[in-house]
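The block underneath contains the structure these notes are about, expressed in structure tokens.
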2 protein chains.
Amino acid sequence: MAKSKYESIYRDLKERIEGEEYEYQTILPSENTLIKTYDCSRNTVRRALAQLAEIGYVQAINGVGVRVVYQPVDKASFVIGGIETFKESATRNKLKSTTEVVLFAEIVADARVAKRSGFKEGTELYYIQRLRKLDGKPCILDINLFDKSIVTGLTKEIASKSIYEYIENELNMEISMSKRKMTVERVTQVDSMYLSLGDSNCLAVVSSQTFNKKGLLFEYTQSRHVPEYFCFMDTAVRHKDVDLFKQV
Amino acid sequence: MAKSKYESIYRDLKERIEGEEYEYQTILPSENTLIKTYDCSRNTVRRALAQLAEIGYVQAINGVGVRVVYQPVDKASFVIGGIETFKESATRNKLKSTTEVVLFAEIVADARVAKRSGFKEGTELYYIQRLRKLDGKPCILDINLFDKSIVTGLTKEIASKSIYEYIENELNMEISMSKRKMTVERVTQVDSMYLSLGDSNCLAVVSSQTFNKKGLLFEYTQSRHVPEYFCFMDTAVRHKDVDLFKQV
DNA sequence: TTCTCCATCTTGTTTAAACAGGTTATATAA
DNA sequence: TTATATAACCTGTTTAAACAAGATGGAGAA
């Protein structure tokens, strides 16, 4: 399963932390101990630890050790985005999720679209609108743009199932990075037409650009979420030059 | 300024990318070239590149090179959170930012507070509410909890300026990690009392736990943002075992 | 011409070793 | 007893080297 040594160490430690074998606020076995446990070099252990730090599971303290800072997520709330996906959340909450293709078209990026999406003007695109439902309740309106020359042969049929499965399994393309922007916007006429908003007049909007392994932009998506079903989680590690925390 | 070699290489490359000396979609000089440029080992160069990849500036392509995927942020919109802070945004938009301490109290964490914040029950805390204004317009309501035994000697005076400056410069404590959760919530009576919400009946709410260099939780904050002034940006790099992108 | 193979470039993984510097508990000296 | 020095741990940074594997352009064969 794991292609590399550091990855399998990473996974093993991750599982043990999630299973609370290594508890919150305790210190992990030292690098030297882990070297013996996994029979590998110090660099390899450190790489696995660095990845765990990146996802907010552990924190290294110079001269002391590596402390576990992972806390299990409150399973009572409905969490989507970030650490969990639509389908996973639906499954965990024992809700049935369905996808309805509202619109399937092909367009060419004009100046306005190009500016919003990041695609070059003139790029041929698939333009798709899909409605995501949980137990029949419409919760997310997805507006997708796919580069036709990269994501080839898309059909309405595929869009109604899983485009990503098609991209990864049929086209054998690997996804590698996504830039996301989250805002809260006023409900539009289209939103209220499709989504069951209750009396909220705002939406959580996630706009994202996704790049493949070759560093090429192949997707721009705007997901419009009904507030009750939106929760995004994130871990920010302080890098010396980036001031993520000066807000207070 | 830079404590380490990899950090100064990281900074130098970052600036050059931001200055578009290395343009979007172009390939950076190869590792071997950079080794000569910066007179260092391959590992050191690779570490700097890895950090740039982490913040969504570059993407390595096996067998080809390292592609720049950084795009300058649209300076027309008002962006806060994530990559930019309240103060920075205010300065860039030439708006005057002020902070008003609405409430300054000391409490002990009961079961309810403990569960929400992550502090242990019985922990002595500072409980602070602050109103953030831009050009006199109240945009953010911050609710802070600080561990009294870690962030010692906090006063209303300090809270009206910058608590983080106090923590870093006076207490000499280093901040290292923050876990954040973003949701959209209905406006409460307290919100509408302080914030200028127009006719929006929802808020962007960012809840965060912040840890210091020793891996100890010292802060829990809930920031309640007026929708128009909220924009959060994020870069997610695909790690083989984490399914961040399966939402489509 | 067109196809195939290979040399040569690129990044990816792993090991080994050395030294710097922070933390802690123990042993020694005042 | 108290303070101090130190040994023995810990993580942090950097170098060097080797091999794997993906990409590419050019040489040579069909």
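Residues in the structure tokens are named by chain (A, B, ... in the order shown) and by number from 1 within that chain; ligands are numbered from 1 in the order shown.
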
Would you mind writing down, as a VMD selection string, each residue of range 11-218 of chain A that DSSP on the backbone assigns to strand (DSSP E)?
-> chain A and resid 58 to 61 65 to 68 97 to 108 124 to 134 137 to 147 175 to 186 202 to 212 217 to 218

Within 7 Å of range 172-182 of chain B, counting only C-alpha atoms (C1' of nucleotides), which residues show up once you throw out same-chain ones fewer than 6 positions away? Write them as a list in words, please.
->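 My reading of the contact set: Cys231, Phe232, Met233, Asp234, Thr235, Ala236, Val237 and Arg238 of chain A; Val205, Val206, Ser207, Ser208, Gln209, Thr210, Phe211, Asn212 and Lys213 of chain B.
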
Neighbours of range 9-21 of chain C within 7 Å (only C-alpha atoms (C1' of nucleotides); same-chain residues fewer than 2 positions away dropped), as a tab-separated table (two decimals) with N, CA and C atoms, in the first residue's frame?
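Wrote it out as selection_26.tsv, contents follow:
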```
chain	number	residue	atom	x	y	z
A	41	SER	N	16.42	5.07	9.22
A	41	SER	CA	17.33	6.14	9.62
A	41	SER	C	16.57	7.27	10.32
B	61	ILE	N	7.49	18.49	-9.99
B	61	ILE	CA	7.06	17.47	-10.95
B	61	ILE	C	8.23	16.54	-11.19
B	62	ASN	N	8.03	15.29	-10.83
B	62	ASN	CA	9.10	14.30	-10.94
B	62	ASN	C	9.62	14.21	-12.38
B	63	GLY	N	10.92	14.32	-12.52
B	63	GLY	CA	11.53	14.20	-13.83
B	63	GLY	C	11.54	15.46	-14.65
B	64	VAL	N	10.82	16.48	-14.19
B	64	VAL	CA	10.73	17.71	-14.98
B	64	VAL	C	11.35	18.89	-14.26
B	65	GLY	N	10.83	19.20	-13.10
B	65	GLY	CA	11.33	20.37	-12.38
B	65	GLY	C	10.30	20.86	-11.38
```

Leaving out DT13 in chain D and any residue of its chain fewer than 4 positions from it, which residues lie within 10 Å of it when counting only C-alpha atoms (C1' of nucleotides), given as a compact mmCIF listing (two decimals) with N, CA and C atoms (P, O5', C5', C4', C3', O3' and C1' of nucleotides), in the first residue's frame?
```
# COMPACT_ATOMS: atom_id res chain seq x y z
N LYS B 3 17.56 32.40 10.94
CA LYS B 3 18.37 31.57 11.81
C LYS B 3 19.08 30.48 11.02
N SER B 4 18.43 30.00 9.99
CA SER B 4 18.97 28.86 9.27
C SER B 4 19.12 29.13 7.78
N LYS B 5 19.93 28.29 7.18
CA LYS B 5 20.23 28.42 5.76
C LYS B 5 18.98 28.17 4.91
N TYR B 6 18.27 27.09 5.22
CA TYR B 6 17.10 26.74 4.40
C TYR B 6 16.04 27.82 4.47
N THR B 44 19.28 20.88 1.77
CA THR B 44 18.92 22.22 2.22
C THR B 44 18.05 22.92 1.19
P DC C 19 32.28 16.78 14.61
O5' DC C 19 31.31 17.99 14.97
C5' DC C 19 31.05 18.97 13.97
C4' DC C 19 29.77 19.70 14.31
C3' DC C 19 29.72 20.28 15.74
O3' DC C 19 29.47 21.66 15.65
C1' DC C 19 27.71 19.20 15.17
P DA C 20 29.66 22.58 16.97
O5' DA C 20 28.28 23.38 17.02
C5' DA C 20 27.56 23.62 15.82
C4' DA C 20 26.13 24.03 16.17
C3' DA C 20 25.99 24.71 17.54
O3' DA C 20 25.12 25.82 17.41
C1' DA C 20 24.57 22.81 17.44
```

I'd like the contact shell of Met193 in chain B - 12 Å cut-off, only C-alpha atoms (C1' of nucleotides), skipping same-chain residues fewer than 6 positions apart - returned as a short mmCIF file (atom, residue, chain, number, x, y, z; two decimals) with C-alpha atoms, in the first residue's frame.
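part-v6.cif, written as the output of this step:
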```
data_model
loop_
_atom_site.label_atom_id
_atom_site.label_comp_id
_atom_site.auth_asym_id
_atom_site.auth_seq_id
_atom_site.Cartn_x
_atom_site.Cartn_y
_atom_site.Cartn_z
CA VAL B 102 -16.27 45.22 25.58
CA LEU B 131 -14.95 44.69 19.07
CA PRO B 138 -17.77 47.27 13.77
CA LEU B 141 -16.56 40.44 17.58
CA VAL B 187 -26.87 36.18 14.29
#
```

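Between CA of Glu185 in chain B and CA of Ala114 in chain B the separation is 21.0 Å.
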
Taking only C-alpha atoms (C1' of nucleotides) into account, which residues of chain B are within 12 Å of chain C, as a PyMOL selection string?
-> chain B and resi 4+27-33+42-43+46+49-50+59-67+214

Which parts of range 91-218 of chain A does DSSP call alpha helix (DSSP H) when run on the backbone here, written out as JSON, numbers by chain?
-> {"A": [91, 92, 111, 112, 113, 114, 115, 116, 117, 156, 157, 158, 159, 160, 163, 164, 165, 189, 190, 191, 192, 193, 194]}

Residues just named, written with N, CA and C atoms as a compact mmCIF listing (two decimals), in the first residue's frame:
```
# COMPACT_ATOMS: atom_id res chain seq x y z
N THR A 91 -21.99 9.32 5.16
CA THR A 91 -21.93 7.93 5.63
C THR A 91 -21.90 7.87 7.15
N ARG A 92 -21.04 8.71 7.75
CA ARG A 92 -20.91 8.69 9.21
C ARG A 92 -22.21 9.07 9.89
N ALA A 111 -13.33 36.88 -20.89
CA ALA A 111 -12.48 37.65 -19.97
C ALA A 111 -12.97 37.54 -18.53
N ARG A 112 -14.29 37.58 -18.36
CA ARG A 112 -14.86 37.56 -17.02
C ARG A 112 -14.60 36.22 -16.33
N VAL A 113 -14.92 35.15 -17.06
CA VAL A 113 -14.69 33.81 -16.54
C VAL A 113 -13.20 33.58 -16.26
N ALA A 114 -12.37 34.01 -17.19
CA ALA A 114 -10.92 33.84 -17.05
C ALA A 114 -10.42 34.49 -15.76
N LYS A 115 -10.91 35.67 -15.49
CA LYS A 115 -10.46 36.40 -14.30
C LYS A 115 -10.89 35.70 -13.02
N ARG A 116 -12.10 35.23 -13.00
CA ARG A 116 -12.62 34.56 -11.81
C ARG A 116 -11.96 33.22 -11.55
N SER A 117 -11.77 32.45 -12.65
CA SER A 117 -11.38 31.05 -12.51
C SER A 117 -9.88 30.81 -12.54
N LYS A 156 -22.58 13.90 -18.84
CA LYS A 156 -23.57 14.16 -17.79
C LYS A 156 -23.66 12.95 -16.86
N GLU A 157 -23.53 11.77 -17.46
CA GLU A 157 -23.58 10.51 -16.72
C GLU A 157 -22.49 10.45 -15.65
N ILE A 158 -21.26 10.76 -16.09
CA ILE A 158 -20.12 10.75 -15.17
C ILE A 158 -20.33 11.78 -14.07
N ALA A 159 -20.80 12.96 -14.46
CA ALA A 159 -21.01 14.05 -13.50
C ALA A 159 -22.02 13.68 -12.43
N SER A 160 -22.95 12.81 -12.77
CA SER A 160 -23.97 12.43 -11.78
C SER A 160 -23.41 11.43 -10.78
N ILE A 163 -16.95 12.67 -10.54
CA ILE A 163 -16.00 13.14 -11.55
C ILE A 163 -14.57 12.78 -11.14
N TYR A 164 -14.31 12.82 -9.82
CA TYR A 164 -12.95 12.54 -9.37
C TYR A 164 -12.56 11.09 -9.56
N GLU A 165 -13.52 10.21 -9.39
CA GLU A 165 -13.23 8.80 -9.66
C GLU A 165 -12.87 8.63 -11.13
N GLN A 189 -31.01 34.32 -6.34
CA GLN A 189 -32.26 33.68 -6.79
C GLN A 189 -32.04 32.22 -7.12
N VAL A 190 -30.92 31.93 -7.80
CA VAL A 190 -30.59 30.55 -8.16
C VAL A 190 -30.42 29.69 -6.91
N ASP A 191 -29.74 30.23 -5.90
CA ASP A 191 -29.56 29.50 -4.65
C ASP A 191 -30.89 29.09 -4.06
N SER A 192 -31.78 30.07 -3.92
CA SER A 192 -33.05 29.79 -3.25
C SER A 192 -33.94 28.90 -4.10
N MET A 193 -33.65 28.85 -5.39
CA MET A 193 -34.41 27.97 -6.27
C MET A 193 -34.07 26.51 -5.97
N TYR A 194 -32.79 26.25 -5.73
CA TYR A 194 -32.34 24.86 -5.57
C TYR A 194 -32.18 24.41 -4.13
```
